[in-house]
Every structure is written in C-alpha cells, then in structure tokens.
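Visitor: Sharing structure.cif below, mmCIF, C-alpha atoms:
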data_query
loop_
_atom_site.group_PDB
_atom_site.id
_atom_site.type_symbol
_atom_site.label_atom_id
_atom_site.label_comp_id
_atom_site.auth_asym_id
_atom_site.auth_seq_id
_atom_site.Cartn_x
_atom_site.Cartn_y
_atom_site.Cartn_z
ATOM 1 C CA MET A 346 96.080 188.985 -278.713
ATOM 2 C CA SER A 347 97.800 188.149 -281.968
ATOM 3 C CA LYS A 348 95.624 185.765 -283.990
ATOM 4 C CA VAL A 349 96.683 182.950 -286.283
ATOM 5 C CA ARG A 350 94.721 183.842 -289.425
ATOM 6 C CA LYS A 351 94.849 180.507 -291.255
ATOM 7 C CA PHE A 352 95.033 177.034 -289.756
ATOM 8 C CA LYS A 353 93.601 173.519 -290.050
ATOM 9 C CA VAL A 354 90.863 172.004 -287.896
ATOM 10 C CA ALA A 355 89.933 168.351 -287.415
ATOM 11 C CA CYS A 356 86.551 166.742 -286.854
ATOM 12 C CA VAL A 357 86.961 163.218 -285.495
ATOM 13 C CA GLN A 358 84.184 160.751 -286.366
ATOM 14 C CA ALA A 359 85.006 157.601 -284.457
ATOM 15 C CA THR A 360 83.587 154.705 -282.452
ATOM 16 C CA PRO A 361 84.026 155.042 -278.694
ATOM 17 C CA VAL A 362 84.756 152.080 -276.454
ATOM 18 C CA ILE A 363 81.226 152.133 -275.101
ATOM 19 C CA PHE A 364 80.853 151.886 -271.295
ATOM 20 C CA ASP A 365 84.658 151.863 -270.879
ATOM 21 C CA LEU A 366 86.032 155.122 -269.484
ATOM 22 C CA GLU A 367 89.775 154.539 -269.724
ATOM 23 C CA LYS A 368 89.762 152.858 -273.138
ATOM 24 C CA SER A 369 87.600 155.659 -274.557
ATOM 25 C CA ILE A 370 90.155 158.177 -273.275
ATOM 26 C CA ASP A 371 92.935 156.063 -274.795
ATOM 27 C CA LYS A 372 91.161 156.321 -278.148
ATOM 28 C CA VAL A 373 90.775 160.109 -277.823
ATOM 29 C CA ILE A 374 94.491 160.414 -277.142
ATOM 30 C CA GLU A 375 95.406 158.167 -280.085
ATOM 31 C CA LEU A 376 93.131 159.964 -282.564
ATOM 32 C CA THR A 377 94.193 163.393 -281.304
ATOM 33 C CA GLY A 378 97.755 162.441 -282.112
ATOM 34 C CA GLU A 379 96.685 161.443 -285.633
ATOM 35 C CA ALA A 380 94.873 164.759 -286.146
ATOM 36 C CA ALA A 381 97.811 166.736 -284.775
ATOM 37 C CA SER A 382 100.153 164.931 -287.171
ATOM 38 C CA LEU A 383 98.015 166.333 -290.009
ATOM 39 C CA GLY A 384 98.861 169.847 -288.822
ATOM 40 C CA CYS A 385 95.524 170.592 -287.144
ATOM 41 C CA LYS A 386 95.352 173.262 -284.417
ATOM 42 C CA LEU A 387 91.832 172.397 -283.200
ATOM 43 C CA VAL A 388 90.551 168.834 -282.741
ATOM 44 C CA VAL A 389 86.845 168.188 -282.090
ATOM 45 C CA PHE A 390 85.247 164.985 -280.769
ATOM 46 C CA PRO A 391 81.516 164.095 -280.744
ATOM 47 C CA GLU A 392 78.813 164.364 -278.106
ATOM 48 C CA THR A 393 79.386 161.979 -275.156
ATOM 49 C CA PHE A 394 82.291 160.254 -276.909
ATOM 50 C CA ILE A 395 83.400 159.323 -273.412
ATOM 51 C CA PRO A 396 81.989 156.789 -272.509
ATOM 52 C CA GLY A 397 79.704 156.614 -275.582
ATOM 53 C CA TYR A 398 76.154 157.659 -276.411
ATOM 54 C CA PRO A 399 73.704 155.090 -274.917
ATOM 55 C CA ALA A 400 71.538 154.833 -278.044
ATOM 56 C CA GLY A 401 68.927 152.077 -277.851
ATOM 57 C CA LEU A 402 69.083 151.616 -274.075
ATOM 58 C CA GLY A 403 65.990 152.219 -271.972
ATOM 59 C CA PHE A 404 67.559 151.692 -268.537
ATOM 60 C CA GLY A 405 64.557 149.588 -267.553
ATOM 61 C CA THR A 406 62.025 152.396 -267.686
ATOM 62 C CA VAL A 407 58.514 152.985 -268.878
ATOM 63 C CA VAL A 408 56.340 155.847 -267.709
ATOM 64 C CA GLY A 409 55.537 155.207 -264.072
ATOM 65 C CA SER A 410 58.027 152.432 -263.265
ATOM 66 C CA ARG A 411 61.702 151.479 -263.158
ATOM 67 C CA THR A 412 63.441 148.108 -262.824
ATOM 68 C CA GLU A 413 66.307 147.071 -260.586
ATOM 69 C CA ALA A 414 68.244 145.871 -263.640
ATOM 70 C CA GLY A 415 67.787 149.307 -265.216
ATOM 71 C CA ARG A 416 69.137 150.974 -262.083
ATOM 72 C CA ASP A 417 72.199 148.720 -262.318
ATOM 73 C CA GLN A 418 72.721 149.781 -265.946
ATOM 74 C CA PHE A 419 72.497 153.428 -264.941
ATOM 75 C CA ARG A 420 75.012 152.849 -262.139
ATOM 76 C CA ALA A 421 77.406 151.228 -264.628
ATOM 77 C CA TYR A 422 77.097 154.218 -266.967
ATOM 78 C CA TRP A 423 77.567 156.595 -264.016
ATOM 79 C CA GLN A 424 80.718 154.775 -262.929
ATOM 80 C CA CYS A 425 82.358 155.150 -266.347
ATOM 81 C CA SER A 426 81.521 158.854 -266.648
ATOM 82 C CA VAL A 427 83.965 161.732 -266.167
ATOM 83 C CA GLU A 428 84.510 163.893 -263.090
ATOM 84 C CA VAL A 429 85.471 167.475 -264.011
ATOM 85 C CA PRO A 430 88.188 168.230 -263.081
ATOM 86 C CA GLY A 431 89.768 164.910 -262.241
ATOM 87 C CA ALA A 432 92.279 162.280 -263.268
ATOM 88 C CA GLN A 433 90.598 161.745 -266.637
ATOM 89 C CA THR A 434 90.521 165.429 -267.560
ATOM 90 C CA ASP A 435 94.185 165.611 -266.536
ATOM 91 C CA ARG A 436 94.969 162.946 -269.152
ATOM 92 C CA LEU A 437 93.072 164.870 -271.841
ATOM 93 C CA ALA A 438 94.727 168.137 -270.834
ATOM 94 C CA GLU A 439 98.176 166.570 -271.087
ATOM 95 C CA CYS A 440 97.288 165.283 -274.550
ATOM 96 C CA ALA A 441 96.396 168.822 -275.671
ATOM 97 C CA ARG A 442 99.622 170.183 -274.139
ATOM 98 C CA GLN A 443 101.789 167.494 -275.687
ATOM 99 C CA HIS A 444 100.519 168.234 -279.181
ATOM 100 C CA GLY A 445 100.141 172.002 -278.728
ATOM 101 C CA ILE A 446 96.521 172.006 -279.920
ATOM 102 C CA PHE A 447 93.088 173.093 -278.758
ATOM 103 C CA LEU A 448 91.022 170.010 -277.921
ATOM 104 C CA THR A 449 87.278 169.679 -277.353
ATOM 105 C CA VAL A 450 85.690 166.417 -276.219
ATOM 106 C CA GLY A 451 82.078 165.466 -275.557
ATOM 107 C CA VAL A 452 81.699 163.516 -272.303
ATOM 108 C CA THR A 453 79.098 162.349 -269.877
ATOM 109 C CA GLU A 454 80.088 164.345 -266.810
ATOM 110 C CA ARG A 455 79.539 163.004 -263.296
ATOM 111 C CA ASP A 456 78.979 165.858 -260.871
ATOM 112 C CA LYS A 457 81.122 165.386 -257.774
ATOM 113 C CA VAL A 458 78.573 166.892 -255.383
ATOM 114 C CA ASN A 459 75.043 166.058 -256.511
ATOM 115 C CA LYS A 460 75.976 162.841 -258.418
ATOM 116 C CA THR A 461 73.870 163.950 -261.403
ATOM 117 C CA LEU A 462 75.103 163.192 -264.912
ATOM 118 C CA TYR A 463 75.386 165.956 -267.526
ATOM 119 C CA CYS A 464 75.990 165.871 -271.270
ATOM 120 C CA THR A 465 79.068 168.098 -271.386
ATOM 121 C CA LEU A 466 81.541 169.538 -273.884
ATOM 122 C CA LEU A 467 85.047 170.046 -272.463
ATOM 123 C CA TYR A 468 87.524 172.627 -273.798
ATOM 124 C CA PHE A 469 91.296 172.247 -273.389
ATOM 125 C CA GLY A 470 93.935 174.850 -274.262
ATOM 126 C CA LEU A 471 97.159 174.284 -276.156
ATOM 127 C CA ASP A 472 99.044 174.779 -272.885
ATOM 128 C CA GLY A 473 97.221 171.842 -271.297
ATOM 129 C CA SER A 474 94.742 173.883 -269.281
ATOM 130 C CA LEU A 475 91.088 172.935 -268.870
ATOM 131 C CA LEU A 476 89.580 176.127 -270.274
ATOM 132 C CA GLY A 477 86.007 175.330 -269.296
ATOM 133 C CA LYS A 478 82.934 173.321 -270.175
ATOM 134 C CA HIS A 479 79.429 173.569 -271.567
ATOM 135 C CA ARG A 480 76.621 171.498 -270.088
ATOM 136 C CA LYS A 481 73.723 170.727 -272.435
ATOM 137 C CA ILE A 482 70.819 172.889 -271.296
ATOM 138 C CA LYS A 483 68.019 170.635 -272.586
ATOM 139 C CA PRO A 484 68.486 166.888 -273.051
ATOM 140 C CA THR A 485 66.109 165.598 -275.733
ATOM 141 C CA ALA A 486 63.234 163.176 -275.089
ATOM 142 C CA ALA A 487 64.434 160.039 -273.226
ATOM 143 C CA GLU A 488 67.873 161.622 -272.727
ATOM 144 C CA ARG A 489 66.249 163.409 -269.770
ATOM 145 C CA LEU A 490 66.319 160.107 -267.900
ATOM 146 C CA VAL A 491 70.118 160.083 -268.146
ATOM 147 C CA TRP A 492 71.278 163.708 -268.043
ATOM 148 C CA GLY A 493 70.366 166.759 -266.002
ATOM 149 C CA GLU A 494 69.974 170.273 -267.426
ATOM 150 C CA GLY A 495 72.824 172.745 -267.581
ATOM 151 C CA ASP A 496 72.333 176.463 -267.018
ATOM 152 C CA GLY A 497 73.351 179.741 -268.601
ATOM 153 C CA SER A 498 76.701 179.815 -266.840
ATOM 154 C CA THR A 499 78.154 177.445 -269.452
ATOM 155 C CA LEU A 500 76.850 179.248 -272.558
ATOM 156 C CA CYS A 501 80.379 180.445 -273.169
ATOM 157 C CA THR A 502 82.968 181.181 -275.816
ATOM 158 C CA PHE A 503 86.738 181.286 -275.512
ATOM 159 C CA ASP A 504 88.765 184.019 -277.208
ATOM 160 C CA THR A 505 91.882 182.146 -278.273
ATOM 161 C CA ALA A 506 94.853 182.569 -280.587
ATOM 162 C CA ILE A 507 92.823 180.837 -283.329
ATOM 163 C CA GLY A 508 89.610 182.811 -282.827
ATOM 164 C CA ARG A 509 86.570 182.648 -280.585
ATOM 165 C CA ILE A 510 85.552 179.029 -280.018
ATOM 166 C CA GLY A 511 82.215 177.906 -278.592
ATOM 167 C CA GLY A 512 79.205 175.806 -279.367
ATOM 168 C CA LEU A 513 76.058 173.895 -278.492
ATOM 169 C CA ILE A 514 75.347 170.185 -278.206
ATOM 170 C CA CYS A 515 73.015 168.311 -280.548
ATOM 171 C CA TRP A 516 69.406 169.593 -280.496
ATOM 172 C CA GLU A 517 70.329 172.663 -278.463
ATOM 173 C CA ASN A 518 71.192 173.898 -281.936
ATOM 174 C CA TYR A 519 67.470 173.907 -282.765
ATOM 175 C CA MET A 520 66.872 176.439 -279.953
ATOM 176 C CA PRO A 521 66.943 179.875 -281.674
ATOM 177 C CA LEU A 522 67.644 181.798 -278.468
ATOM 178 C CA ALA A 523 70.483 179.462 -277.513
ATOM 179 C CA ARG A 524 72.065 180.088 -280.908
ATOM 180 C CA MET A 525 71.640 183.841 -280.422
ATOM 181 C CA ALA A 526 73.316 183.545 -277.033
ATOM 182 C CA MET A 527 76.339 182.057 -278.787
ATOM 183 C CA TYR A 528 76.287 184.631 -281.589
ATOM 184 C CA ASN A 529 76.202 187.393 -278.970
ATOM 185 C CA GLN A 530 79.430 185.926 -277.581
ATOM 186 C CA GLY A 531 81.053 186.495 -280.964
ATOM 187 C CA VAL A 532 81.548 182.814 -281.802
ATOM 188 C CA GLU A 533 83.769 182.342 -284.856
ATOM 189 C CA ILE A 534 84.358 178.583 -284.766
ATOM 190 C CA TYR A 535 81.052 177.046 -283.773
ATOM 191 C CA LEU A 536 81.169 173.471 -282.464
ATOM 192 C CA ALA A 537 78.134 171.212 -282.781
ATOM 193 C CA PRO A 538 78.903 167.758 -281.369
ATOM 194 C CA THR A 539 75.837 165.585 -281.877
ATOM 195 C CA ALA A 540 74.219 162.156 -281.916
ATOM 196 C CA ASP A 541 72.005 163.004 -284.914
ATOM 197 C CA SER A 542 73.079 161.343 -288.164
ATOM 198 C CA ARG A 543 70.098 162.254 -290.346
ATOM 199 C CA ASP A 544 70.400 164.247 -293.558
ATOM 200 C CA SER A 545 68.350 167.034 -291.973
ATOM 201 C CA TRP A 546 71.137 167.623 -289.462
ATOM 202 C CA ASN A 547 73.530 168.675 -292.194
ATOM 203 C CA ALA A 548 70.967 171.203 -293.391
ATOM 204 C CA THR A 549 71.005 172.595 -289.841
ATOM 205 C CA MET A 550 74.795 172.838 -289.848
ATOM 206 C CA ARG A 551 74.751 174.787 -293.101
ATOM 207 C CA HIS A 552 71.988 177.051 -291.822
ATOM 208 C CA ILE A 553 73.865 177.878 -288.611
ATOM 209 C CA ALA A 554 77.056 178.653 -290.515
ATOM 210 C CA PHE A 555 75.173 180.951 -292.892
ATOM 211 C CA GLU A 556 73.105 182.533 -290.108
ATOM 212 C CA GLY A 557 75.977 183.048 -287.665
ATOM 213 C CA ARG A 558 78.584 183.779 -290.361
ATOM 214 C CA CYS A 559 80.906 181.382 -288.569
ATOM 215 C CA TYR A 560 82.724 178.144 -289.275
ATOM 216 C CA VAL A 561 80.689 175.168 -288.057
ATOM 217 C CA ILE A 562 82.082 171.779 -287.094
ATOM 218 C CA GLY A 563 79.322 169.188 -286.759
ATOM 219 C CA CYS A 564 80.838 166.083 -285.163
ATOM 220 C CA ASN A 565 79.135 162.708 -284.645
ATOM 221 C CA GLN A 566 80.022 159.161 -283.623
ATOM 222 C CA TYR A 567 79.859 156.051 -285.775
ATOM 223 C CA PHE A 568 78.809 152.863 -283.979
ATOM 224 C CA THR A 569 76.673 149.732 -284.278
ATOM 225 C CA LYS A 570 74.819 147.473 -281.869
ATOM 226 C CA SER A 571 77.799 145.105 -281.873
ATOM 227 C CA ASP A 572 79.988 147.907 -280.462
ATOM 228 C CA PHE A 573 78.111 147.672 -277.144
ATOM 229 C CA PRO A 574 79.385 145.310 -274.446
ATOM 230 C CA GLY A 575 77.973 141.798 -274.885
ATOM 231 C CA ASP A 576 75.844 141.926 -271.739
ATOM 232 C CA LEU A 577 74.113 145.096 -272.959
ATOM 233 C CA GLN A 578 73.376 144.002 -276.511
ATOM 234 C CA PRO A 579 70.231 142.038 -275.512
ATOM 235 C CA GLU A 580 68.928 145.223 -273.850
ATOM 236 C CA LEU A 581 69.073 147.330 -277.017
ATOM 237 C CA ALA A 582 65.724 148.172 -278.568
ATOM 238 C CA GLU A 583 64.850 145.451 -281.082
ATOM 239 C CA ASP A 584 63.298 147.886 -283.539
ATOM 240 C CA ARG A 585 66.531 149.846 -283.903
ATOM 241 C CA PRO A 586 68.808 149.155 -286.910
ATOM 242 C CA GLU A 587 72.208 147.489 -286.568
ATOM 243 C CA VAL A 588 73.937 150.813 -287.322
ATOM 244 C CA LEU A 589 72.819 152.983 -284.419
ATOM 245 C CA SER A 590 74.762 156.053 -285.501
ATOM 246 C CA ALA A 591 75.852 156.415 -289.132
ATOM 247 C CA GLY A 592 77.888 159.569 -288.507
ATOM 248 C CA GLY A 593 77.360 162.451 -290.904
ATOM 249 C CA SER A 594 80.121 164.690 -289.549
ATOM 250 C CA VAL A 595 80.705 167.854 -291.564
ATOM 251 C CA ILE A 596 82.690 171.116 -291.622
ATOM 252 C CA VAL A 597 81.005 174.200 -293.095
ATOM 253 C CA SER A 598 82.267 177.660 -294.111
ATOM 254 C CA PRO A 599 80.777 181.012 -292.939
ATOM 255 C CA LEU A 600 78.864 181.218 -296.226
ATOM 256 C CA GLY A 601 77.282 177.812 -295.723
ATOM 257 C CA GLU A 602 79.519 175.875 -298.100
ATOM 258 C CA VAL A 603 80.535 172.355 -297.122
ATOM 259 C CA LEU A 604 84.321 172.166 -296.739
ATOM 260 C CA ALA A 605 84.579 168.513 -295.648
ATOM 261 C CA GLY A 606 82.096 165.654 -295.399
ATOM 262 C CA PRO A 607 79.485 164.690 -294.684
ATOM 263 C CA LEU A 608 81.055 161.372 -293.734
ATOM 264 C CA TYR A 609 78.734 158.372 -293.326
ATOM 265 C CA GLY A 610 79.151 154.708 -292.523
ATOM 266 C CA GLU A 611 82.707 154.679 -291.206
ATOM 267 C CA GLU A 612 85.231 156.181 -288.845
ATOM 268 C CA GLY A 613 87.404 158.989 -290.146
ATOM 269 C CA ILE A 614 89.009 162.365 -289.521
ATOM 270 C CA LEU A 615 87.712 165.321 -291.533
ATOM 271 C CA THR A 616 89.995 168.332 -291.931
ATOM 272 C CA ALA A 617 89.550 171.803 -293.389
ATOM 273 C CA GLU A 618 91.351 175.133 -293.439
ATOM 274 C CA VAL A 619 89.934 178.006 -291.425
ATOM 275 C CA ASP A 620 90.680 181.539 -292.620
ATOM 276 C CA LEU A 621 89.595 184.169 -290.090
ATOM 277 C CA ASP A 622 89.505 186.770 -292.851
ATOM 278 C CA GLU A 623 86.585 184.856 -294.362
ATOM 279 C CA LEU A 624 84.550 185.797 -291.288
ATOM 280 C CA VAL A 625 84.908 189.470 -292.196
ATOM 281 C CA ARG A 626 84.166 188.896 -295.865
ATOM 282 C CA SER A 627 81.046 186.889 -295.042
ATOM 283 C CA ARG A 628 79.637 189.577 -292.753
ATOM 284 C CA MET A 629 79.708 192.327 -295.369
ATOM 285 C CA ASP A 630 76.031 191.764 -296.163
ATOM 286 C CA PHE A 631 74.759 189.964 -293.028
ATOM 287 C CA ASP A 632 75.890 190.178 -289.416
ATOM 288 C CA VAL A 633 73.378 188.559 -287.062
ATOM 289 C CA THR A 634 74.517 190.555 -284.012
ATOM 290 C CA GLY A 635 75.669 193.670 -285.883
ATOM 291 C CA HIS A 636 74.020 195.719 -288.606
ATOM 292 C CA TYR A 637 71.306 193.074 -289.166
ATOM 293 C CA SER A 638 70.310 192.727 -285.503
ATOM 294 C CA ARG A 639 67.901 195.673 -285.028
ATOM 295 C CA ASN A 640 68.639 196.099 -281.344
ATOM 296 C CA ASP A 641 66.207 198.993 -281.277
ATOM 297 C CA ILE A 642 63.424 196.402 -281.665
ATOM 298 C CA PHE A 643 64.736 193.143 -280.214
ATOM 299 C CA LYS A 644 66.504 192.401 -276.921
ATOM 300 C CA LEU A 645 67.966 189.139 -275.640
ATOM 301 C CA LYS A 646 68.835 188.682 -271.982
ATOM 302 C CA VAL A 647 70.501 185.424 -270.976
ATOM 303 C CA LYS A 648 70.453 184.561 -267.277
ATOM 304 C CA GLY A 649 73.878 183.702 -265.925
ATOM 305 C CA GLN A 650 75.785 183.802 -269.199
ATOM 306 C CA PRO A 651 79.453 184.586 -268.487
ATOM 307 C CA ARG A 652 81.564 187.163 -270.238
ATOM 308 C CA ILE A 653 83.747 186.038 -273.113
ATOM 309 C CA LYS A 654 86.758 184.207 -271.705
ATOM 310 C CA THR A 655 90.143 185.242 -273.127
ATOM 311 C CA VAL A 656 92.718 182.470 -272.972
#
So, in terms of structure tokens, how does the structure I just supplied come out?
Guide:
Amino acid sequence: MSKVRKFKVACVQATPVIFDLEKSIDKVIELTGEAASLGCKLVVFPETFIPGYPAGLGFGTVVGSRTEAGRDQFRAYWQCSVEVPGAQTDRLAECARQHGIFLTVGVTERDKVNKTLYCTLLYFGLDGSLLGKHRKIKPTAAERLVWGEGDGSTLCTFDTAIGRIGGLICWENYMPLARMAMYNQGVEIYLAPTADSRDSWNATMRHIAFEGRCYVIGCNQYFTKSDFPGDLQPELAEDRPEVLSAGGSVIVSPLGEVLAGPLYGEEGILTAEVDLDELVRSRMDFDVTGHYSRNDIFKLKVKGQPRIKTV
C-alpha cells in the first residue's frame, strides 16, 4: 500500500448535544466538514461524544439500591445511544465518504442483542466504510454502572493509506498491558479519546507518545452543567463544578513534543501535521516492540486480539 507521508490531522474538542442522538450526530457532521475544509485527512472526536458523557449523574444508585427514577434516566440514555451498524453509523459513514477523510467518533454503543451499553470508538474509512470499533475494556469507577466491558477482539489497529491507526479510551491508557497490545499492533497514530481534563492527563499523552514512538491525539469534550437537558440538571451532583469537562485536548509528536494544545475552557479544533518519516527517526534509539523489547525475557499474549486490519 502506498502511504501518504505527510498530512494534517484534526482533534475536535466540542460540546455534544447531551442526551440527543440525532442532534449530536448533526454536530459531528458539521464539525467534520469544518475540519475537512482545513485540509485534514483524519478527524478525531472525544469519548462518548454521541450522546455525551453523563458526568455528574448517578442514575439513582447507591451501593445496594436503585431508584425507579434512576432506571428511567438509564432508559433515556439507552434510547439515545448508537446501534452498530445502523442508521446512525450510516450517516457518519456518508460524512466520511463525502469529505474523503478517515473519521473516528466516540459513542455510547447499544448492543442489538444483549441490550448492554458499551463505551465505543468507531472508525470510518475515506470510502465511507465502517472499518471497525473498539469497546472500552474497563470502564472506570461508577462508569461500570453504565457500560459493559469490551474484550480483546476490539484491541485493533487499521493499516491505512495514512498509517496504522488505533487507540484506547480514557483510563485504558493507564493499563500498561493494554498499551503494549496496541504497540504490538504497530500503531503509528494513537487515538486517546477521553473524559479526563486534568493536567496529569496531558503528561500521560506525552508519555505514551514517547514510549510508543507514535503520534498521539488526546481528544476531550468541553461542557458545563447548563449543557444538560433542563430536567436532568437538578440530578447532577451538587458538589461538582459548573464546568464538568474543561477539555484539555492535545496532539503530541513521537518524541513527546506537544504539537497543538492543550486547549482548555472552550470548543475548538486542533490541527497538526503528521510526518510518517518522523516515526522512523524517533525509533532510532528506542523501539518499544523492536530492539528495546527483549522478547527473550518478556512475552505478552492477548486473548482474542485480531490481526492488523489492512484497509
């Protein structure tokens, strides 16, 4: 496959239309068009951008009990989540095809068979195909109330005309073996959609770029309590600040240098140039799965991980 050696990527930090499936998709389509008009070949959206990250909601739970009102909230979130594939993914795929770009979008996925929700990253090809998905393998803390656990079958990368694309969602990136599973797949453009807007997250993004000798795109949402539907605002935890997610999106080079961002306190589109030759230059002195791996000592076996997908 002939590779495009230099190209622009976009990291979209935006506010979703929380608990509204179709309007959130409308916003993805609008912002993708803006990023494509800037000449970007890859456009990345945050974790659960569709239909928004439910920060501050407890869904009526404490340990040992649930409320009927909380079950209704969960049903509402379930109803505005995304079936994969389905009519909503068809809209996103057509958006990627129309603009001739690779598109990745974080969604809450609604499984058609078992009805479970998953925190999922969708990948779309420039021809409009749904390339695949990654389901978060370990939701963090109270997220486990909302989302199920993915398995090794979605720890994947895609070998494309702009390099090998793959990634992990939010605190999966703190799992050393999960990162190694991605490095073993030869990831070159590492996607890290998240809901973490703390300064420490940017340190993690720089570490992963330097460790994996890959480009890293850390993508987060920006939203406040007032961005939630009016009927849900009284349910938000009172001790949480008005700004529930300050953003902090960032793009980092294979040598750990920040190329764009971090962006805080507003919506915006970060862009940066990717040069695949920089991957080679960066690995002269450190290659985490090559000459620095010591496979004679260490072995990693990942259950169910697929082969690299060429698209």
Visitor: Which one of A:Arg543, A:Lys353, A:Lys372, A:Lys386 sits closest to Leu437 of chain A if you count only C-alpha atoms?
Guide: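 With only C-alpha atoms as the atom set, the closest residue is A:Lys372.
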Visitor: Name the residues that the PyMOL selection byres ((chain A and resi 572) around 8) pulls out of this structure, and write them as an mmCIF file with C-alpha atoms, in the frame of the given file.
Guide:
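Below is the file out16.cif, written as the result:
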data_model
loop_
_atom_site.group_PDB
_atom_site.id
_atom_site.type_symbol
_atom_site.label_atom_id
_atom_site.label_comp_id
_atom_site.auth_asym_id
_atom_site.auth_seq_id
_atom_site.Cartn_x
_atom_site.Cartn_y
_atom_site.Cartn_z
ATOM 1 C CA THR A 360 83.587 154.705 -282.452
ATOM 2 C CA VAL A 362 84.756 152.080 -276.454
ATOM 3 C CA ILE A 363 81.226 152.133 -275.101
ATOM 4 C CA PHE A 568 78.809 152.863 -283.979
ATOM 5 C CA THR A 569 76.673 149.732 -284.278
ATOM 6 C CA LYS A 570 74.819 147.473 -281.869
ATOM 7 C CA SER A 571 77.799 145.105 -281.873
ATOM 8 C CA PHE A 573 78.111 147.672 -277.144
ATOM 9 C CA PRO A 574 79.385 145.310 -274.446
#
Visitor: Around all listed atoms of segment 545-562 of chain A, padded 6 Å per side, what centre and edge lengths does the axis-aligned box have in Å to one decimal, as lines of an AutoDock Vina configuration file?
Guide:
center_x = 75.5
center_y = 175.4
center_z = -290.2
size_x = 26.4
size_y = 28.7
size_z = 18.3
Visitor: Using the chain letters and numbers from this file, what does the PyMOL selection byres ((chain A and resi 652) around 10) select? Give the answer as a list of chain:residue names.
Guide: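 Selected by the PyMOL selection byres ((chain A and resi 652) around 10) in this file: A:Ser498, A:Leu500, A:Cys501, A:Thr502, A:Phe503, A:Gln530, A:Gly649, A:Gln650, A:Pro651, A:Ile653, A:Lys654, A:Thr655.
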Visitor: Any chance you could resolve the PyMOL selection byres ((chain A and resi 602-609) around 10) against this file and give the residues as number ranges by chain?
Guide: A: 355-356, 358, 542-544, 547, 550-552, 554-555, 560-567, 590-601, 610-619
Visitor: Atom CA of Ala441 of chain A and atom CA of Ala381 of chain A are how many Å apart?
Guide: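 Calculated distance between atom CA of Ala441 of chain A and atom CA of Ala381 of chain A is 9.4 Å.
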Visitor: Please return as a PyMOL selection string every residue within 12 Å of (96.4, 159.5, -281.8), taking into account only C-alpha atoms and the file's own coordinates.
Guide: chain A and resi 357+359+370-383+388+437+440-441+443-444+614
Visitor: Using only C-alpha atoms, find the one residue out of A:Pro586, A:Gly575, A:Pro484, A:Gly557 that sits nearest to Gly512 of chain A.
Guide: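 The closest residue to Gly512 of chain A is A:Gly557.
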Visitor: My list of candidates is A:Gly409, A:Gly473, A:Gly415, A:Pro396. Which is closest to Thr434 of chain A when distances are computed with only C-alpha atoms?
Guide: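 For Thr434 of chain A, the nearest of the given residues is A:Gly473.
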Visitor: Rank A:Gly403, A:Gly445, A:Gly451, A:Gly497 by their smallest atom-to-atom distance to Val389 of chain A, using all atoms listed in the file, and report the top residue only.
Guide: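 Among the listed residues, A:Gly451 lies closest to Val389 of chain A.
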Visitor: Give me the residues near segment 623-637 of chain A as a PyMOL selection string, where near means some atom within 8 Å (using only C-alpha atoms) and where sequence neighbours in that chain fewer than 3 positions away do not count.
Guide: chain A and resi 528-529+533+556-559+599-600+620
Visitor: Excluding same-chain residues fewer than 4 positions from Leu402 of chain A, what lies within 7 Å of it counting all atoms listed in the file, as a list in words?
Guide: Glu580, Leu581 and Ala582 of chain A
Visitor: Restrict the selected residues to C-alpha atoms and save them as a PDB file, keeping the file's coordinate frame.
Guide:
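Output saved as part_16.pdb:
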ATOM      1  CA  GLU A 580      68.928 145.223-273.850  1.00  0.00           C
ATOM      2  CA  LEU A 581      69.073 147.330-277.017  1.00  0.00           C
ATOM      3  CA  ALA A 582      65.724 148.172-278.568  1.00  0.00           C
TER       4      ALA A 582
END
Visitor: With distances taken over all atoms listed in the file, which residue among A:Leu471, A:Leu645, A:Ile395, A:Leu462 lies nearest Ala506 of chain A?
Guide: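 Checking each candidate against Ala506 of chain A, we get A:Leu471 as the closest.
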Visitor: Could you add N, CA and C atoms to segment 630-642 of chain A and give me the result as a tab-separated table (two decimals), keeping the file's coordinate frame?
Guide:
chain	number	residue	atom	x	y	z
A	630	ASP	N	77.45	191.55	-295.87
A	630	ASP	CA	76.03	191.76	-296.16
A	630	ASP	C	75.09	191.22	-295.09
A	631	PHE	N	75.61	190.47	-294.11
A	631	PHE	CA	74.76	189.96	-293.03
A	631	PHE	C	75.60	189.73	-291.80
A	632	ASP	N	75.22	190.35	-290.70
A	632	ASP	CA	75.89	190.18	-289.42
A	632	ASP	C	74.80	190.06	-288.36
A	633	VAL	N	74.56	188.84	-287.87
A	633	VAL	CA	73.38	188.56	-287.06
A	633	VAL	C	73.35	189.34	-285.75
A	634	THR	N	74.51	189.76	-285.24
A	634	THR	CA	74.52	190.56	-284.01
A	634	THR	C	75.02	191.97	-284.26
A	635	GLY	N	75.18	192.34	-285.53
A	635	GLY	CA	75.67	193.67	-285.88
A	635	GLY	C	74.62	194.45	-286.63
A	636	HIS	N	74.91	194.82	-287.87
A	636	HIS	CA	74.02	195.72	-288.61
A	636	HIS	C	72.70	195.08	-288.99
A	637	TYR	N	72.56	193.74	-288.85
A	637	TYR	CA	71.31	193.07	-289.17
A	637	TYR	C	70.51	192.72	-287.91
A	638	SER	N	70.91	193.20	-286.75
A	638	SER	CA	70.31	192.73	-285.50
A	638	SER	C	69.10	193.52	-285.04
A	639	ARG	N	69.00	194.79	-285.44
A	639	ARG	CA	67.90	195.67	-285.03
A	639	ARG	C	67.68	195.66	-283.51
A	640	ASN	N	68.72	196.06	-282.81
A	640	ASN	CA	68.64	196.10	-281.34
A	640	ASN	C	67.67	197.15	-280.82
A	641	ASP	N	67.22	198.03	-281.69
A	641	ASP	CA	66.21	198.99	-281.28
A	641	ASP	C	64.83	198.35	-281.16
A	642	ILE	N	64.70	197.13	-281.74
A	642	ILE	CA	63.42	196.40	-281.67
A	642	ILE	C	63.52	195.18	-280.75
